[in-house]
Amino acid sequence: MAKNTHNSRCKGKERIGITGKLAEYTQHKRTSTPYILLHRSINRTKIELMKKTLKWVGLAILALVVVLGIYLAIVLPMGEKSDAEMTDEMIDILRGKMVEDYRNGEMKRDAHPKCLGLAKGVFTVDSTLDTNLNIGVFQAGKSYPAILRFSNASGTVESDAQKDFRGLGIKLIGVEGTRYDSTEINSQDFILMTNPTMPLGTVRLFYYAVYYSIQHGKLALLAKMILSGNMNVLKQLANGPKHDTSPLDITYWSTTPYALGSSVVKYKLVPTSKTKSSLPNPLSDHYLTENLKAQLEKDSASFDFYIQLFENEQNTPVEDAAIEWQSPFVKVATLSLPKQDIDTKTRWQLAEQLFYSPANALEANRPVGGLNIARAKIYRTLTEFRHETNGQELTKPSLELFRSLK
Ligand code: HEM
């Protein structure tokens, strides 16, 4: 026992001794240079590790905020807005964009701002027109003077070398009858573009395009289209634009429907001129205007005008302009452009001052469907805003204006 006690005491003493030495040694090490260096390097590693962790946590939080932001931007504002609400919102957004885009100069149209040329023509309804189709402006054998505004669709003025959809506003003058809209008193407009369909075929889709691309950027629009199952729309918008030889060589479609009395029709315009243009190499910034000018200096030009009748909601849906109608086309008129000089100061000015709209129409040929109703309000409000901003009067069409137009 005593031995044991002694041993344990001795061991204890020894232990105390060793511990003491260790403590001494440790104390020495703490104050010796290698120890300090080692300790510092351990601290630095710890700090680096902490920094890295914080960085990753930060990135994760940022990613979460971005995803949440996109989600909120894409999903929340899309409650059940009515067409009228979306139309008014589009007007506000587009008005803001126009102010921004034309801060330092004369304000142009928000869409189709680049005019390729203003041409004079004559629209003659076929004398053999079926009596059932003699409705509104379509009166067998009747002729109307017409002012045509050719344009690029892009919302900014760009080089003609850019692939694009092209637009055409045809304003018939001297039109008589009960009017749908009284902004103008004697016109009938046909607003056409170079694609059989409008890929953004409903007010909602058009609203998405305007809202997301202008308010949140193209990436948000892309996300919205993908999430709402509209990838095909983006594909059509990407594949539709082309390099065209001349505005006189292209087929144009109304894409949206119009009344023909109690029926509903869409319009198509097919080029029939003998003289055609070719693509220059390289494509210059204004080659479409140059080809249009050269073609009309050399020769007259012509188009056939067709209507396509509504059959049923399956083949010929009224409310989705992205679906191509499956019904026959019937030729109803000819549009002739005599030889002329399109490149005059008066014409370039008038192109900015004329107002084209689906609503400039007789009641019998009024715009039909949500998209057209939205356009009627959007075009009128924005054109008035543009003219006010520029301090200009809206030019009303008249036979006198047509005759004196050089
Ligand atoms: C809700 C849908 C649409 C909106 C918001 C819209 C927007 C606009 C705007 C703001 C303008 C300029 C109006 C002005 O200041 O005079 C315009 C012009 C034009 N739009 Fe649309 N658009 C829509 C649908 C369409 C469709 C379906 C077509 C198919 C034919 C089309 C073809 C044109 C053309 C050709 C012009 C130029 C008319 C001219 O020469 O003055 N748009 N659009």
# chains A, B, ... in the order shown; residues from 1 in each chain; ligands from 1

call {"tool": "closest_atom_pairs", "arguments": {"of": "chain A", "to": "ligand 1", "cutoff": "7 Å", "atoms": "only C-alpha atoms and all ligand atoms", "output": "tab-separated table"}}
result
residue	atom	partner	partner_atom_place_in_ligand_line	distance
A:Met90	CA	ligand 1	5 (C)	6.8
A:Arg109	CA	ligand 1	15 (O)	4.1
A:Asp110	CA	ligand 1	10 (C)	4.8
A:Ala111	CA	ligand 1	11 (C)	4.3
A:His112	CA	ligand 1	37 (C)	4.9
A:Arg149	CA	ligand 1	40 (O)	5.1
A:Phe150	CA	ligand 1	40 (O)	6.4
A:Ser151	CA	ligand 1	40 (O)	6.2
A:Ala153	CA	ligand 1	34 (C)	7.0
A:Gly167	CA	ligand 1	35 (C)	3.8
A:Leu168	CA	ligand 1	35 (C)	4.8
A:Gly169	CA	ligand 1	40 (O)	4.7
A:Ile191	CA	ligand 1	30 (C)	5.1
A:Leu192	CA	ligand 1	30 (C)	3.9
A:Met193	CA	ligand 1	30 (C)	4.5
A:Met198	CA	ligand 1	27 (C)	5.3
A:Val203	CA	ligand 1	1 (C)	5.4
A:Phe206	CA	ligand 1	1 (C)	5.5
A:Trp253	CA	ligand 1	30 (C)	6.6
A:Ser254	CA	ligand 1	30 (C)	4.7
A:Thr255	CA	ligand 1	29 (C)	5.6
A:Thr256	CA	ligand 1	27 (C)	5.7
A:Phe355	CA	ligand 1	16 (O)	5.5
A:Tyr356	CA	ligand 1	41 (O)	4.5
A:Ser357	CA	ligand 1	38 (C)	6.8
A:Leu371	CA	ligand 1	1 (C)	5.0
A:Asn372	CA	ligand 1	1 (C)	6.8
A:Ala374	CA	ligand 1	1 (C)	5.5
A:Arg375	CA	ligand 1	1 (C)	5.1
A:Ile378	CA	ligand 1	10 (C)	6.2
A:Tyr379	CA	ligand 1	13 (C)	4.3
A:Leu382	CA	ligand 1	15 (O)	5.1
A:Thr383	CA	ligand 1	15 (O)	4.1
A:Arg386	CA	ligand 1	15 (O)	7.0

call {"tool": "write_last_selection", "arguments": {"atoms": "N, CA and C atoms", "output": "short mmCIF file (atom, residue, chain, number, x, y, z; two decimals), in the first residue's frame"}}
result
data_model
loop_
_atom_site.label_atom_id
_atom_site.label_comp_id
_atom_site.auth_asym_id
_atom_site.auth_seq_id
_atom_site.Cartn_x
_atom_site.Cartn_y
_atom_site.Cartn_z
N MET A 90 -49.58 49.27 -71.40
CA MET A 90 -48.66 49.31 -72.55
C MET A 90 -48.47 50.75 -73.02
N ARG A 109 -42.27 57.26 -84.26
CA ARG A 109 -43.18 56.20 -83.81
C ARG A 109 -42.41 55.22 -82.91
N ASP A 110 -43.11 54.61 -81.95
CA ASP A 110 -42.41 53.63 -81.12
C ASP A 110 -42.12 52.37 -81.90
N ALA A 111 -43.05 51.97 -82.79
CA ALA A 111 -42.81 50.78 -83.62
C ALA A 111 -42.77 51.25 -85.07
N HIS A 112 -42.04 50.55 -85.90
CA HIS A 112 -41.92 50.92 -87.32
C HIS A 112 -41.46 52.38 -87.50
N ARG A 149 -47.14 53.87 -96.78
CA ARG A 149 -45.91 54.09 -95.98
C ARG A 149 -45.24 52.74 -95.73
N PHE A 150 -44.07 52.55 -96.33
CA PHE A 150 -43.29 51.32 -96.13
C PHE A 150 -42.35 51.53 -94.95
N SER A 151 -42.16 50.49 -94.13
CA SER A 151 -41.33 50.67 -92.92
C SER A 151 -40.59 49.40 -92.52
N ALA A 153 -39.84 47.08 -89.16
CA ALA A 153 -40.63 46.89 -87.93
C ALA A 153 -39.87 47.26 -86.65
N GLY A 167 -43.08 46.60 -92.68
CA GLY A 167 -44.48 46.96 -92.51
C GLY A 167 -44.97 47.79 -93.67
N LEU A 168 -46.28 47.80 -93.86
CA LEU A 168 -46.87 48.65 -94.89
C LEU A 168 -48.21 49.19 -94.40
N GLY A 169 -48.32 50.51 -94.37
CA GLY A 169 -49.61 51.14 -94.08
C GLY A 169 -50.18 51.66 -95.39
N ILE A 191 -53.30 47.89 -92.46
CA ILE A 191 -51.97 47.86 -91.84
C ILE A 191 -51.46 46.43 -91.97
N LEU A 192 -50.36 46.29 -92.67
CA LEU A 192 -49.88 44.94 -93.03
C LEU A 192 -48.42 44.75 -92.65
N MET A 193 -48.02 43.49 -92.50
CA MET A 193 -46.60 43.20 -92.28
C MET A 193 -46.18 41.95 -93.05
N MET A 198 -48.93 37.15 -86.63
CA MET A 198 -48.25 37.97 -85.62
C MET A 198 -47.90 37.00 -84.48
N VAL A 203 -53.38 39.95 -76.82
CA VAL A 203 -53.03 41.16 -76.06
C VAL A 203 -52.07 40.77 -74.93
N PHE A 206 -48.54 40.18 -76.22
CA PHE A 206 -47.93 41.45 -76.61
C PHE A 206 -47.55 42.25 -75.37
N TRP A 253 -49.25 40.63 -95.04
CA TRP A 253 -50.49 40.09 -94.45
C TRP A 253 -50.99 41.05 -93.35
N SER A 254 -52.32 41.03 -93.12
CA SER A 254 -52.84 41.86 -92.02
C SER A 254 -52.60 41.17 -90.67
N THR A 255 -52.53 39.89 -90.68
CA THR A 255 -52.36 39.00 -89.50
C THR A 255 -53.53 39.08 -88.51
N THR A 256 -54.17 40.22 -88.41
CA THR A 256 -55.34 40.35 -87.52
C THR A 256 -56.59 40.53 -88.40
N PHE A 355 -51.16 59.51 -89.90
CA PHE A 355 -51.54 58.59 -88.83
C PHE A 355 -52.20 57.34 -89.41
N TYR A 356 -51.50 56.22 -89.30
CA TYR A 356 -52.07 54.94 -89.76
C TYR A 356 -52.56 54.16 -88.56
N SER A 357 -53.76 53.57 -88.70
CA SER A 357 -54.31 52.78 -87.59
C SER A 357 -55.37 51.81 -88.11
N LEU A 371 -56.67 42.15 -80.04
CA LEU A 371 -55.40 42.78 -80.41
C LEU A 371 -55.64 44.07 -81.20
N ASN A 372 -56.61 44.03 -82.12
CA ASN A 372 -56.91 45.22 -82.91
C ASN A 372 -57.54 46.33 -82.07
N ALA A 374 -57.01 46.82 -78.93
CA ALA A 374 -55.90 47.40 -78.15
C ALA A 374 -55.09 48.35 -79.03
N ARG A 375 -54.79 47.92 -80.26
CA ARG A 375 -53.98 48.76 -81.16
C ARG A 375 -54.66 50.08 -81.46
N ILE A 378 -53.92 52.28 -78.56
CA ILE A 378 -52.47 52.52 -78.41
C ILE A 378 -51.96 53.45 -79.52
N TYR A 379 -52.31 53.15 -80.77
CA TYR A 379 -51.79 53.95 -81.90
C TYR A 379 -52.28 55.40 -81.78
N LEU A 382 -50.64 57.25 -78.73
CA LEU A 382 -49.20 57.52 -78.92
C LEU A 382 -48.93 58.47 -80.07
N THR A 383 -49.76 58.40 -81.09
CA THR A 383 -49.54 59.32 -82.20
C THR A 383 -49.86 60.75 -81.75
N ARG A 386 -46.99 61.90 -79.61
CA ARG A 386 -45.81 62.20 -80.44
C ARG A 386 -45.97 63.56 -81.12
#

call {"tool": "select_by_dssp", "arguments": {"residues": "range 57-187 of chain A", "states": "strand (DSSP E)", "output": "PyMOL selection string"}}
result
chain A and resi 114-125+143-152+166-173+187

call {"tool": "closest_residue", "arguments": {"among": "A:Glu311, A:Asp83, A:Asp299, A:Asp189", "to": "Val265 in chain A", "atoms": "only C-alpha atoms"}}
result
A:Glu311

call {"tool": "residues_around", "arguments": {"residues": "range 124-139 of chain A", "least_positions_apart": "5", "cutoff": "7 Å", "atoms": "only C-alpha atoms", "output": "ChimeraX atom specification"}}
result
/A:144,175,260-261,332-335,362,364-365

call {"tool": "write_last_selection", "arguments": {"atoms": "C-alpha atoms", "output": "short mmCIF file (atom, residue, chain, number, x, y, z; two decimals), in the first residue's frame"}}
result
data_model
loop_
_atom_site.label_atom_id
_atom_site.label_comp_id
_atom_site.auth_asym_id
_atom_site.auth_seq_id
_atom_site.Cartn_x
_atom_site.Cartn_y
_atom_site.Cartn_z
CA TYR A 144 -59.38 55.13 -104.36
CA VAL A 175 -63.80 56.76 -98.62
CA LEU A 260 -66.68 42.53 -93.83
CA GLY A 261 -70.23 43.45 -92.88
CA VAL A 332 -60.73 41.51 -104.57
CA ALA A 333 -58.62 44.45 -105.74
CA THR A 334 -55.46 45.69 -107.43
CA LEU A 335 -53.02 48.23 -106.03
CA LEU A 362 -65.60 52.29 -92.09
CA ALA A 364 -68.41 47.82 -92.28
CA ASN A 365 -64.64 47.19 -92.40
#

call {"tool": "residues_around", "arguments": {"residues": "Glu363 in chain A", "least_positions_apart": "4", "cutoff": "9 Å", "atoms": "only C-alpha atoms", "output": "list in words"}}
result
Gly136, Gly177, Thr178, Arg179, Tyr180, Asp181, Ala259, Gly261 and Pro367 of chain A

call {"tool": "write_last_selection", "arguments": {"atoms": "C-alpha atoms", "output": "PDB file, in the first residue's frame"}}
result
ATOM      1  CA  GLY A 136     -67.894  48.910 -97.251  1.00  0.00           C
ATOM      2  CA  GLY A 177     -69.803  55.705 -95.415  1.00  0.00           C
ATOM      3  CA  THR A 178     -70.546  55.245 -91.720  1.00  0.00           C
ATOM      4  CA  ARG A 179     -67.291  55.389 -89.802  1.00  0.00           C
ATOM      5  CA  TYR A 180     -65.979  53.124 -87.058  1.00  0.00           C
ATOM      6  CA  ASP A 181     -63.711  55.850 -85.702  1.00  0.00           C
ATOM      7  CA  ALA A 259     -65.162  42.919 -90.405  1.00  0.00           C
ATOM      8  CA  GLY A 261     -70.234  43.453 -92.885  1.00  0.00           C
ATOM      9  CA  PRO A 367     -61.066  46.125 -86.787  1.00  0.00           C
TER      10      PRO A 367
END

call {"tool": "residues_around", "arguments": {"residues": "Thr381 in chain A", "least_positions_apart": "3", "cutoff": "10 Å", "atoms": "only C-alpha atoms", "output": "compact mmCIF listing (two decimals) with N, CA and C atoms, in the first residue's frame"}}
result
# COMPACT_ATOMS: atom_id res chain seq x y z
N ASP A 88 -53.79 49.93 -71.35
CA ASP A 88 -53.40 51.21 -70.73
C ASP A 88 -51.97 51.14 -70.20
N ILE A 91 -49.57 51.52 -73.00
CA ILE A 91 -49.47 52.93 -73.43
C ILE A 91 -48.48 53.66 -72.53
N ASP A 92 -48.61 53.47 -71.20
CA ASP A 92 -47.71 54.15 -70.26
C ASP A 92 -46.26 53.75 -70.50
N ARG A 95 -45.00 55.07 -73.89
CA ARG A 95 -44.82 56.52 -73.84
C ARG A 95 -43.48 56.85 -73.15
N ARG A 375 -54.79 47.92 -80.26
CA ARG A 375 -53.98 48.76 -81.16
C ARG A 375 -54.66 50.08 -81.46
N ALA A 376 -55.98 50.03 -81.63
CA ALA A 376 -56.71 51.26 -81.96
C ALA A 376 -56.41 52.33 -80.90
N LYS A 377 -56.50 51.95 -79.63
CA LYS A 377 -56.27 52.93 -78.56
C LYS A 377 -54.78 53.30 -78.46
N ILE A 378 -53.92 52.28 -78.56
CA ILE A 378 -52.47 52.52 -78.41
C ILE A 378 -51.96 53.45 -79.52
N GLU A 384 -50.93 60.91 -80.95
CA GLU A 384 -51.27 62.25 -80.44
C GLU A 384 -50.14 62.76 -79.54
N PHE A 385 -49.65 61.86 -78.69
CA PHE A 385 -48.55 62.23 -77.78
C PHE A 385 -47.31 62.67 -78.57
N ARG A 386 -46.99 61.90 -79.61
CA ARG A 386 -45.81 62.20 -80.44
C ARG A 386 -45.97 63.56 -81.12

call {"tool": "residues_around", "arguments": {"residues": "Asn232 in chain A", "least_positions_apart": "2", "cutoff": "12 Å", "atoms": "only C-alpha atoms", "output": "ChimeraX atom specification"}}
result
/A:199-201,222,225-226,228-230,234-240,322-323

call {"tool": "select_by_dssp", "arguments": {"residues": "range 191-239 of chain A", "states": "alpha helix (DSSP H)", "output": "VMD selection string"}}
result
chain A and resid 203 to 210 218 to 227 231 to 239

call {"tool": "residues_around", "arguments": {"residues": "Pro257 in chain A", "least_positions_apart": "5", "cutoff": "9 Å", "atoms": "only C-alpha atoms", "output": "PyMOL selection string"}}
result
chain A and resi 264-267+310+318-319+321+367-369+372

call {"tool": "write_last_selection", "arguments": {"atoms": "C-alpha atoms", "output": "PDB file, in the first residue's frame"}}
result
ATOM      1  CA  VAL A 264     -64.777  38.524 -90.729  1.00  0.00           C
ATOM      2  CA  VAL A 265     -61.747  38.563 -93.059  1.00  0.00           C
ATOM      3  CA  LYS A 266     -57.983  38.891 -93.088  1.00  0.00           C
ATOM      4  CA  TYR A 267     -56.038  40.667 -95.848  1.00  0.00           C
ATOM      5  CA  PHE A 310     -63.564  33.414 -91.568  1.00  0.00           C
ATOM      6  CA  VAL A 318     -60.268  35.390 -84.423  1.00  0.00           C
ATOM      7  CA  GLU A 319     -58.535  35.912 -81.091  1.00  0.00           C
ATOM      8  CA  ALA A 321     -53.167  36.228 -84.559  1.00  0.00           C
ATOM      9  CA  PRO A 367     -61.066  46.125 -86.787  1.00  0.00           C
ATOM     10  CA  VAL A 368     -62.066  42.908 -85.012  1.00  0.00           C
ATOM     11  CA  GLY A 369     -60.534  41.053 -82.038  1.00  0.00           C
ATOM     12  CA  ASN A 372     -56.915  45.225 -82.912  1.00  0.00           C
TER      13      ASN A 372
END
